[in-house]
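What follows is a short report on a single structure.
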Amino acid sequence: MKNPLSAYKGLNRSIYLMALVTFINCLAEFIGPFFSLYLTVRLGYDMKTAGLMVSLLIVCHIPGALLGGKLCDKIGRKTIIVCSQTLMGVSFILCGFFLDAPYAPLFVFLGSFFDGITDPARRALEVDVTKPEQRQAAFSLIYQALNMGFAIGPMLAGFLFYKYPAWLFFGNGIVEVLSVLLIVFFVPESKPSEKELQDSQWEKTAEKAVEGNIFTALKQRPQLLWLALIAFFVSFAYKQITFTLPLQTTTLFGESGSAFYGTILSVNALIVIFLNPIVLSFSQHIDARRNILIGCLLYAVAFLLFGFSKLPWQFFVLTAVYTIGEILFSNNFKTYQNNNTPINFRGRFNTVLPISKTIGATLAPLMGGVILSVFPFSALWTISSLSVLMGIGILVCKVSDKPY
């Protein structure tokens with residue numbers, strides 16, 4: 001069989017550097033997966049309030065993303081990444097100094113706002129430096145780097161949580177600031193020039209520059225709007241992994257539940273590391289729509305069965321199932337979207353379209369906290385599975401595999 005790693009050869013140098021930055025950042029990604037536990041165990045909030053605050057954390061990301069998408073299309077990708085990521089790191093460090101203060105989560109909310117500014121600039125840069133036929137491999141590599149870091153980070157955070165909780169925030173923040181230096185010195189600006197925008201007008205692709213505002217551009221691409229709705233339903237379900245699952249494992253296994261949850265996330269990352277290149281080698285010759293469909297089906301099955309799991313091995317098996325779905329969904333969703341995004345709207349499309357995903361992730365802990373205050377974990381996981389099935393229905397009926 002062809003070496004699966006060969007798919008990563010021949011990419012732009014900036015992609016390899018951004019993958020390295022992603023790996024370093026995710027190596028110290030301590031806050032996100034453990035924020036709900038920080039609120040409930042450390043600060044003493046009940047599940048409903050914790051769900052509201054986790055939702056507020058995600059809401060803070062939205063205005064940042066709207067601002068970042070506009071700025072990176074006008075000013076440039078690199079400048080926005082460097083400034084906003086540095087401010088994000090400083091916000092997390094400040095939270096570490098005020099760990100048990102009632103206002104400490106405000107610093108995390110501020111960090112989420114700056115992360116929102118950074119995200120569309122990162123995505124636009126990655127699209128700028130790749131050709132359409134390279135993007136599945138490029139996004140797969142960055143996703144691989146993310147999980148290589150994530151294989152270690154949450155496991156370490158699970159053990160730090162009770163012994164050295166301040167270092168969840170210090171570590172995350174310091175690494176965010178230091179990794180910016182790689183971008184400063186080694187990643188060039190990628191914003192398309194005026195000549196590139198003009199030349200794109202002669203290309204017969206969905207990426208050619210278009211006139212008008214973002215609403216005009218989106219109106220010409222209705223399938224992307226349907227794709228955004230799919231992202232809403234899938235994101236609502238997937239967010240339960242970072243909200244519901246840590247609460248469920250802590251309920252089942254007591255104080256060791258946080259470490260067990262960190263191990264589950266690390267297993268998820270390790271499976272991605274070993275299987276992502278193999279899944280890519282088999283799936284890159286299948287159209288993105290079908291790959292998204294298969295990924296969603298695996299999600300629906302795993303999320304439904306999580307609600308009835310009691311034993312550690314059951315969680316590990318279902319983690320393997322949803323992880324394969326995650327590989328297929330992640331690699332192909334971004335590929336489909338960006339291959340149909342105008343060159344002069346990359347920052348804004350990578351802001352507006354993912355907002356539906358953010359809204360789904362925002363509602364997940366908010367509704368999850370309310371549901372769990374009345375019903376068992378199985379009810380919430382069943383609802384999550386049905387949410388994915390809604391996305392599958394839209395994908396089958398409304399999204400075509402034909403280009404615009």
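Residue numbering restarts at 1 for every chain of the structure tokens, chains are lettered A, B, ... in their displayed order, and ligands are numbered from 1 as they appear.
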Exercise. Using DSSP on the backbone coordinates, identify all residues within stretch 62-310 of chain A classified as alpha helix (DSSP H); present the result as JSON, numbers by chain.
Key: {"A": [62, 63, 64, 65, 66, 67, 68, 69, 70, 71, 72, 73, 74, 77, 78, 79, 80, 81, 82, 83, 84, 85, 86, 87, 88, 89, 90, 91, 92, 93, 94, 95, 96, 97, 105, 106, 107, 108, 109, 110, 111, 112, 113, 114, 115, 116, 117, 118, 119, 120, 121, 122, 123, 124, 125, 126, 127, 128, 135, 136, 137, 138, 139, 140, 141, 142, 143, 144, 145, 146, 147, 148, 149, 150, 153, 154, 155, 156, 157, 158, 159, 160, 161, 162, 163, 166, 167, 168, 169, 170, 171, 172, 173, 174, 175, 176, 177, 178, 179, 180, 181, 182, 183, 184, 185, 186, 194, 195, 196, 197, 198, 199, 200, 214, 215, 216, 217, 218, 219, 222, 223, 224, 225, 226, 227, 228, 229, 230, 231, 232, 233, 234, 235, 236, 237, 238, 240, 241, 242, 243, 244, 245, 246, 247, 248, 249, 250, 251, 252, 253, 257, 258, 259, 260, 261, 262, 263, 264, 265, 266, 267, 268, 269, 270, 271, 272, 273, 274, 275, 276, 277, 278, 279, 280, 281, 282, 283, 288, 289, 290, 291, 292, 293, 294, 295, 296, 297, 298, 299, 300, 301, 302, 303, 304, 305, 306]}
Note to self: Which residues are near A:Gln201? Cut-off 12 Å, only C-alpha atoms, ignore same chain within fewer than 5 positions. Put them as a ChimeraX atom specification.
What the structure shows: /A:194-196,206-211,342-344
Restricting the output to C-alpha atoms, write the selected residues as an mmCIF file, in the first residue's frame.
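Result file follows (selection.cif):
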data_model
loop_
_atom_site.group_PDB
_atom_site.id
_atom_site.type_symbol
_atom_site.label_atom_id
_atom_site.label_comp_id
_atom_site.auth_asym_id
_atom_site.auth_seq_id
_atom_site.Cartn_x
_atom_site.Cartn_y
_atom_site.Cartn_z
ATOM 1 C CA GLU A 194 -4.490 43.219 -5.934
ATOM 2 C CA LYS A 195 -2.920 41.563 -8.990
ATOM 3 C CA GLU A 196 -3.850 38.098 -7.695
ATOM 4 C CA ALA A 206 -15.559 29.003 -7.222
ATOM 5 C CA GLU A 207 -12.558 30.793 -5.664
ATOM 6 C CA LYS A 208 -12.386 33.702 -8.092
ATOM 7 C CA ALA A 209 -12.777 37.143 -6.528
ATOM 8 C CA VAL A 210 -16.316 38.554 -6.477
ATOM 9 C CA GLU A 211 -17.647 42.075 -6.123
ATOM 10 C CA PRO A 342 -13.978 33.626 -3.095
ATOM 11 C CA ILE A 343 -10.311 34.536 -2.766
ATOM 12 C CA ASN A 344 -11.121 38.042 -1.484
#
Which residues are close to A:Glu255, i.e. within 12 Å by only C-alpha atoms, leaving aside same-chain residues fewer than 5 positions away? Reply as a PyMOL selection string. chain A and resi 37+41+158-159+161-162+246-250+260-261
| request: Name the closest residue to A:Gly369 among the candidates A:Phe23, A:Gly171, A:Gln240, A:Asn147; distances are taken between atoms, counting only C-alpha atoms. | output: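 Ranking A:Phe23, A:Gly171, A:Gln240, A:Asn147 by distance to A:Gly369, first place goes to A:Gln240.
The list of residues with at least one atom within 9 Å of stretch 316-318 of chain A, based on only C-alpha atoms and without residues fewer than 2 positions apart in the same chain, reads Ile264, Val267, Asn268, Val301, Ala302, Phe303, Leu305, Phe306, Pro312, Trp313, Gln314, Ala320, Val321, Tyr322 and Thr323 of chain A.
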Find the residues near A:Phe377: any atom within 8 Å, counting only C-alpha atoms, skip ones fewer than 4 places away on the same chain, and give them as a short mmCIF file (atom, residue, chain, number, x, y, z; two decimals) with N, CA, C and O atoms, in the first residue's frame.
data_model
loop_
_atom_site.label_atom_id
_atom_site.label_comp_id
_atom_site.auth_asym_id
_atom_site.auth_seq_id
_atom_site.Cartn_x
_atom_site.Cartn_y
_atom_site.Cartn_z
N THR A 244 -20.32 17.50 28.83
CA THR A 244 -21.02 16.40 29.51
C THR A 244 -20.08 15.27 29.92
O THR A 244 -20.19 14.73 31.03
N GLN A 248 -19.78 13.38 33.45
CA GLN A 248 -20.21 11.98 33.53
C GLN A 248 -19.13 11.09 34.13
O GLN A 248 -19.41 10.25 35.00
N GLY A 307 -24.31 7.55 26.29
CA GLY A 307 -25.28 7.74 27.35
C GLY A 307 -25.54 6.49 28.17
O GLY A 307 -26.04 6.58 29.29
N LEU A 372 -29.41 18.20 32.29
CA LEU A 372 -28.81 17.34 33.31
C LEU A 372 -29.31 17.66 34.71
O LEU A 372 -29.16 16.84 35.63
N TRP A 381 -27.28 12.57 25.80
CA TRP A 381 -26.54 11.94 24.70
C TRP A 381 -27.48 11.50 23.58
O TRP A 381 -27.14 11.57 22.41
#
Contacts of A:Pro154 at 8 Å (only C-alpha atoms; same-chain gap of 5+ positions) as number ranges by chain:
A: 29-30, 33, 262-263, 265-266
| Counting only C-alpha atoms, the option among A:Ile174, A:Ala7, A:Leu389, A:Met367 closest to A:Leu280 |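 The answer is A:Ala7, which sits nearest to A:Leu280.
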| A:Pro102 environment, 12 Å, only C-alpha atoms, sequence neighbours closer than 3 positions dropped, as a ChimeraX atom specification | /A:38-39,42-45,95,98-99,105-107
Written selection (all heavy atoms) as a compact mmCIF listing (two decimals), in the first residue's frame:
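Everything below was put into selection.txt:
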# COMPACT_ATOMS: atom_id res chain seq x y z
N TYR A 38 -13.36 23.28 36.34
CA TYR A 38 -12.84 24.42 37.09
C TYR A 38 -13.97 25.20 37.74
O TYR A 38 -13.90 25.60 38.91
CB TYR A 38 -12.03 25.32 36.14
CG TYR A 38 -11.69 26.69 36.69
CD1 TYR A 38 -10.84 26.84 37.79
CD2 TYR A 38 -12.21 27.84 36.10
CE1 TYR A 38 -10.53 28.10 38.29
CE2 TYR A 38 -11.90 29.10 36.58
CZ TYR A 38 -11.05 29.22 37.68
OH TYR A 38 -10.75 30.47 38.17
N LEU A 39 -15.05 25.38 37.00
CA LEU A 39 -16.18 26.14 37.52
C LEU A 39 -16.93 25.39 38.62
O LEU A 39 -17.34 25.98 39.62
CB LEU A 39 -17.15 26.46 36.38
CG LEU A 39 -16.64 27.42 35.30
CD1 LEU A 39 -17.61 27.48 34.13
CD2 LEU A 39 -16.41 28.82 35.87
N ARG A 42 -13.72 23.81 41.44
CA ARG A 42 -12.86 24.82 42.06
C ARG A 42 -13.65 26.02 42.58
O ARG A 42 -13.43 26.50 43.70
CB ARG A 42 -11.81 25.28 41.04
CG ARG A 42 -10.73 26.18 41.63
CD ARG A 42 -9.66 25.37 42.33
NE ARG A 42 -8.76 26.22 43.09
CZ ARG A 42 -7.70 25.77 43.75
NH1 ARG A 42 -7.43 24.48 43.73
NH2 ARG A 42 -6.93 26.59 44.43
N LEU A 43 -14.56 26.53 41.76
CA LEU A 43 -15.30 27.73 42.14
C LEU A 43 -16.67 27.44 42.74
O LEU A 43 -17.34 28.34 43.23
CB LEU A 43 -15.45 28.66 40.93
CG LEU A 43 -14.14 29.21 40.34
CD1 LEU A 43 -14.44 30.19 39.22
CD2 LEU A 43 -13.28 29.87 41.42
N GLY A 44 -17.11 26.18 42.67
CA GLY A 44 -18.31 25.77 43.37
C GLY A 44 -19.63 26.06 42.68
O GLY A 44 -20.68 26.05 43.32
N TYR A 45 -19.62 26.28 41.36
CA TYR A 45 -20.88 26.53 40.65
C TYR A 45 -21.64 25.22 40.43
O TYR A 45 -21.03 24.15 40.32
CB TYR A 45 -20.59 27.17 39.28
CG TYR A 45 -20.06 28.58 39.37
CD1 TYR A 45 -18.72 28.86 39.09
CD2 TYR A 45 -20.89 29.64 39.72
CE1 TYR A 45 -18.23 30.15 39.16
CE2 TYR A 45 -20.41 30.93 39.79
CZ TYR A 45 -19.07 31.18 39.51
OH TYR A 45 -18.60 32.46 39.59
N CYS A 95 -5.37 35.13 34.50
CA CYS A 95 -6.33 34.28 35.21
C CYS A 95 -5.62 33.39 36.22
O CYS A 95 -6.13 33.13 37.30
CB CYS A 95 -7.13 33.44 34.22
SG CYS A 95 -8.46 32.49 35.00
N PHE A 98 -5.11 35.08 39.50
CA PHE A 98 -6.33 35.33 40.28
C PHE A 98 -7.24 34.11 40.27
O PHE A 98 -8.46 34.22 40.16
CB PHE A 98 -7.06 36.55 39.70
CG PHE A 98 -6.24 37.80 39.68
CD1 PHE A 98 -5.57 38.19 38.53
CD2 PHE A 98 -6.11 38.57 40.82
CE1 PHE A 98 -4.81 39.35 38.50
CE2 PHE A 98 -5.34 39.74 40.81
CZ PHE A 98 -4.68 40.12 39.65
N LEU A 99 -6.64 32.94 40.43
CA LEU A 99 -7.29 31.66 40.21
C LEU A 99 -8.62 31.49 40.94
O LEU A 99 -9.61 31.05 40.36
CB LEU A 99 -6.34 30.53 40.61
CG LEU A 99 -6.83 29.11 40.41
CD1 LEU A 99 -6.98 28.81 38.93
CD2 LEU A 99 -5.88 28.11 41.05
N PRO A 105 -12.90 34.02 35.93
CA PRO A 105 -13.35 33.59 34.60
C PRO A 105 -13.42 34.71 33.57
O PRO A 105 -13.40 34.45 32.36
CB PRO A 105 -14.76 33.02 34.88
CG PRO A 105 -14.70 32.57 36.30
CD PRO A 105 -13.84 33.59 36.98
N LEU A 106 -13.48 35.98 34.01
CA LEU A 106 -13.52 37.09 33.07
C LEU A 106 -12.27 37.12 32.19
O LEU A 106 -12.33 37.50 31.02
CB LEU A 106 -13.67 38.42 33.81
CG LEU A 106 -14.99 38.65 34.55
CD1 LEU A 106 -14.95 39.97 35.32
CD2 LEU A 106 -16.16 38.65 33.57
N PHE A 107 -11.14 36.73 32.76
CA PHE A 107 -9.90 36.69 31.97
C PHE A 107 -9.96 35.59 30.91
O PHE A 107 -9.42 35.75 29.82
CB PHE A 107 -8.70 36.48 32.89
CG PHE A 107 -8.42 37.63 33.82
CD1 PHE A 107 -8.66 37.53 35.18
CD2 PHE A 107 -7.92 38.83 33.32
CE1 PHE A 107 -8.40 38.59 36.03
CE2 PHE A 107 -7.66 39.90 34.17
CZ PHE A 107 -7.91 39.78 35.53
Among A:Phe243, A:Phe345, A:Tyr8, A:Phe233, A:Cys296 is approached most closely, using only C-alpha atoms, by A:Phe233
Counting only C-alpha atoms, the residue among A:Thr251, A:Gln284, A:Asn332, A:Ser112 that lies closest to A:Ile58 is A:Ser112
Restricting to only C-alpha atoms, whichever of A:Ile24, A:Val388, A:Ile355, A:Val374 is closest to A:Gly295 is A:Val388
Smallest atom-to-atom distance to A:Val177: which of A:Val82, A:Ile383, A:Leu353, A:Leu56, using only C-alpha atoms?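 Among the listed residues, the smallest separation from A:Val177 belongs to A:Val82.
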